[in-house]
Amino acid sequence: MTAAIRSLLAPNPGAMTLDGTRTYIVGRDRPAVIDPGPDDPAHLRAILDALGGASPTAILLTHSHSDHTAAAPALAAATGAPVMIARGSHLNPEGDLISRWLEEGDEIETDAGALHVVPTPGHAPEHVAFHHSGSGALFVGDTFMGGLDTTLVSPPEGDLAAYLRSLERIASLAPSILHPAHGPDIADPAEAVARYRRHREERIAQVVRALRAAGPSRTGDLIDAVYGAELDPRLRLAAEGSLTAILGYLAAEGRARALPGGLFHLLD
Ligand SMILES: [Zn+2]
């Protein structure tokens, strides 16, 4: 991490947040804060201490999930900084928290160079990444989980086809490093994109094999066949969501058909 980019780990570890949410501060005098994190007084204090009285040009949100955004109102109140997120967010639809809706190609200025907005839907429909032109770093939110080879893509918010396209989009940027919101930095982005794509393709192939073996099935019927009986019970809901995303993807691709009663039937 360059001197222009700092990260602060929030005290919210968990099965879905790994060691906690990472808040990034880009710049010193006119910084941007990316994903202020959960509503936790100690974490807010740590962000304000790191800012050292500097007024952020923006509080940037990769997506709406509360482990990234719940601190935004308090940080905005304490600093006067504008809060920005892409359209599609379920946060505050009346708009009095959000000062600006981020769009493809927007540039957010900091004293350490601009951050470019890159739409990366998949984990959530409004998800964006921020590309730091100076260092080539990409702030990827929940599109990657540091130390893992997968992230949560679960309907109704998650969309597997969109996620796979976002992986390609990220590869095309050739970033120098990925800064995820959970887990450590990813030093080799090209390798990580390939690994994430491979992981998801293997899961899709496993679901196809399980459907072929079992005949028409519901999501719940396939969990043990795809994830094995040793699946961490805390991850069962996430696994079910991920399977639902894959079944929806296969149906959209014309490889499976949804039948009444939540059943899916393999066509190929
Ligand atoms: Zn999330």
# chains A, B, ... in the order shown; residues from 1 in each chain; ligands from 1
>>> residues_around(residues="Ala239 (chain A)", least_positions_apart="2", cutoff="9 Å", atoms="only C-alpha atoms", output="JSON, numbers by chain")
{"A": [152, 154, 223, 227, 231, 235, 236, 237, 241, 242, 243, 244]}
>>> write_last_selection(atoms="N, CA and C atoms", output="compact mmCIF listing (two decimals), in the first residue's frame")
# COMPACT_ATOMS: atom_id res chain seq x y z
N LEU A 152 -19.84 -13.71 -2.16
CA LEU A 152 -21.26 -14.06 -2.14
C LEU A 152 -21.97 -13.43 -3.34
N SER A 154 -25.78 -13.90 -4.41
CA SER A 154 -27.00 -14.57 -3.97
C SER A 154 -28.22 -13.72 -4.30
N ILE A 223 -27.63 -28.96 -1.89
CA ILE A 223 -26.55 -28.39 -1.06
C ILE A 223 -25.51 -29.45 -0.68
N TYR A 227 -21.82 -28.93 -1.89
CA TYR A 227 -20.92 -28.37 -0.87
C TYR A 227 -20.38 -29.41 0.11
N LEU A 231 -20.02 -28.70 5.24
CA LEU A 231 -20.21 -27.25 5.11
C LEU A 231 -20.44 -26.61 6.49
N LEU A 235 -22.43 -20.96 7.04
CA LEU A 235 -22.37 -20.60 5.62
C LEU A 235 -23.48 -21.26 4.81
N ARG A 236 -24.39 -21.99 5.50
CA ARG A 236 -25.41 -22.74 4.77
C ARG A 236 -26.34 -21.81 3.97
N LEU A 237 -26.75 -20.71 4.61
CA LEU A 237 -27.63 -19.76 3.91
C LEU A 237 -26.94 -19.18 2.69
N GLY A 241 -27.99 -19.52 -1.22
CA GLY A 241 -28.14 -18.37 -2.10
C GLY A 241 -27.29 -18.50 -3.35
N SER A 242 -26.07 -19.00 -3.16
CA SER A 242 -25.16 -19.17 -4.27
C SER A 242 -25.69 -20.21 -5.26
N LEU A 243 -26.28 -21.29 -4.72
CA LEU A 243 -26.88 -22.31 -5.58
C LEU A 243 -28.06 -21.74 -6.35
N THR A 244 -28.89 -20.92 -5.66
CA THR A 244 -30.03 -20.30 -6.33
C THR A 244 -29.55 -19.43 -7.49
>>> select_by_dssp(residues="region 71-208 of chain A", states="helix (DSSP H, G or I)", output="VMD selection string")
chain A and resid 72 to 79 160 to 173 189 to 208
>>> residues_near_ligand(ligand="ligand 1", cutoff="8 Å", atoms="only C-alpha atoms and all ligand atoms", output="MDAnalysis selection string")
chainID A and resid 63:68 123:124 141:142 152
>>> write_last_selection(atoms="C-alpha atoms", output="PDB file, in the first residue's frame")
ATOM      1  CA  HIS A  63     -22.584  -0.811  -2.394  1.00  0.00           C
ATOM      2  CA  SER A  64     -25.402  -0.583   0.134  1.00  0.00           C
ATOM      3  CA  HIS A  65     -24.644  -3.385   2.593  1.00  0.00           C
ATOM      4  CA  SER A  66     -24.632  -2.095   6.148  1.00  0.00           C
ATOM      5  CA  ASP A  67     -21.186  -3.440   7.044  1.00  0.00           C
ATOM      6  CA  HIS A  68     -19.883  -0.916   4.481  1.00  0.00           C
ATOM      7  CA  HIS A 123     -22.593  -9.152  -5.547  1.00  0.00           C
ATOM      8  CA  ALA A 124     -25.137  -6.298  -5.514  1.00  0.00           C
ATOM      9  CA  GLY A 141     -15.532  -3.776  -2.305  1.00  0.00           C
ATOM     10  CA  ASP A 142     -17.119  -7.218  -2.062  1.00  0.00           C
ATOM     11  CA  LEU A 152     -21.255 -14.059  -2.142  1.00  0.00           C
TER      12      LEU A 152
END
>>> closest_residue(among="A:Ala194, A:Ile5, A:Ala58, A:Ala74", to="Phe139 (chain A)", atoms="only C-alpha atoms")
A:Ile5
>>> select_by_dssp(residues="region 91-233 of chain A", states="strand (DSSP E or B)", output="number ranges by chain")
A: 98-102, 107-108, 115-119, 128-132, 137-141, 177-180, 186, 217
>>> write_last_selection(atoms="C-alpha atoms", output="tab-separated table (two decimals), in the first residue's frame")
chain	number	residue	atom	x	y	z
A	98	ILE	CA	-26.84	10.64	-0.76
A	99	SER	CA	-25.36	13.81	-2.32
A	100	ARG	CA	-24.45	12.30	-5.67
A	101	TRP	CA	-25.28	9.18	-7.63
A	102	LEU	CA	-22.11	7.66	-9.05
A	107	GLU	CA	-13.93	10.86	-11.45
A	108	ILE	CA	-13.61	11.71	-7.77
A	115	LEU	CA	-10.59	7.75	-8.41
A	116	HIS	CA	-12.54	6.46	-11.42
A	117	VAL	CA	-15.92	4.80	-10.94
A	118	VAL	CA	-16.17	1.32	-12.47
A	119	PRO	CA	-19.57	-0.43	-12.29
A	128	VAL	CA	-19.00	-0.18	-8.11
A	129	ALA	CA	-15.22	-0.36	-7.79
A	130	PHE	CA	-12.90	2.64	-7.64
A	131	HIS	CA	-9.78	2.72	-9.82
A	132	HIS	CA	-6.95	4.92	-8.55
A	137	ALA	CA	-4.94	0.14	-7.38
A	138	LEU	CA	-8.55	-1.01	-7.61
A	139	PHE	CA	-10.84	-0.83	-4.59
A	140	VAL	CA	-13.11	-3.80	-5.24
A	141	GLY	CA	-15.53	-3.78	-2.31
A	177	ILE	CA	-3.37	-4.48	-6.86
A	178	LEU	CA	-6.86	-5.21	-5.51
A	179	HIS	CA	-7.94	-3.74	-2.20
A	180	PRO	CA	-10.95	-5.78	-1.04
A	186	ILE	CA	-4.65	-9.22	-3.54
A	217	SER	CA	-34.33	-30.67	-7.73
>>> closest_residue(among="A:Arg218, A:His127, A:Arg165, A:Arg203", to="Asp149 (chain A)", atoms="only C-alpha atoms")
A:Arg203
>>> residues_around(residues="Thr21 (chain A)", least_positions_apart="4", cutoff="7 Å", atoms="only C-alpha atoms", output="compact mmCIF listing (two decimals) with N, CA and C atoms, in the first residue's frame")
# COMPACT_ATOMS: atom_id res chain seq x y z
N LEU A 9 -9.16 -1.29 9.77
CA LEU A 9 -9.99 -2.49 9.91
C LEU A 9 -11.03 -2.26 11.00
N ALA A 10 -12.30 -2.39 10.65
CA ALA A 10 -13.39 -2.22 11.63
C ALA A 10 -13.53 -3.49 12.48
N ASN A 12 -15.62 -5.74 13.21
CA ASN A 12 -16.86 -6.50 12.93
C ASN A 12 -16.55 -7.83 12.26
N THR A 17 -17.87 -11.41 6.94
CA THR A 17 -17.01 -10.21 6.88
C THR A 17 -15.54 -10.56 7.09
N GLY A 37 -17.81 1.75 6.76
CA GLY A 37 -17.95 0.56 7.59
C GLY A 37 -19.16 0.56 8.49
N ASP A 67 -22.55 -3.34 6.50
CA ASP A 67 -21.19 -3.44 7.04
C ASP A 67 -20.22 -2.51 6.31
N HIS A 68 -20.68 -1.90 5.22
CA HIS A 68 -19.88 -0.92 4.48
C HIS A 68 -20.37 0.51 4.70
N ALA A 181 -12.74 -5.18 0.49
CA ALA A 181 -13.30 -4.64 1.74
C ALA A 181 -13.17 -5.63 2.89
N HIS A 182 -12.89 -6.89 2.55
CA HIS A 182 -12.70 -7.91 3.59
C HIS A 182 -11.48 -8.74 3.21
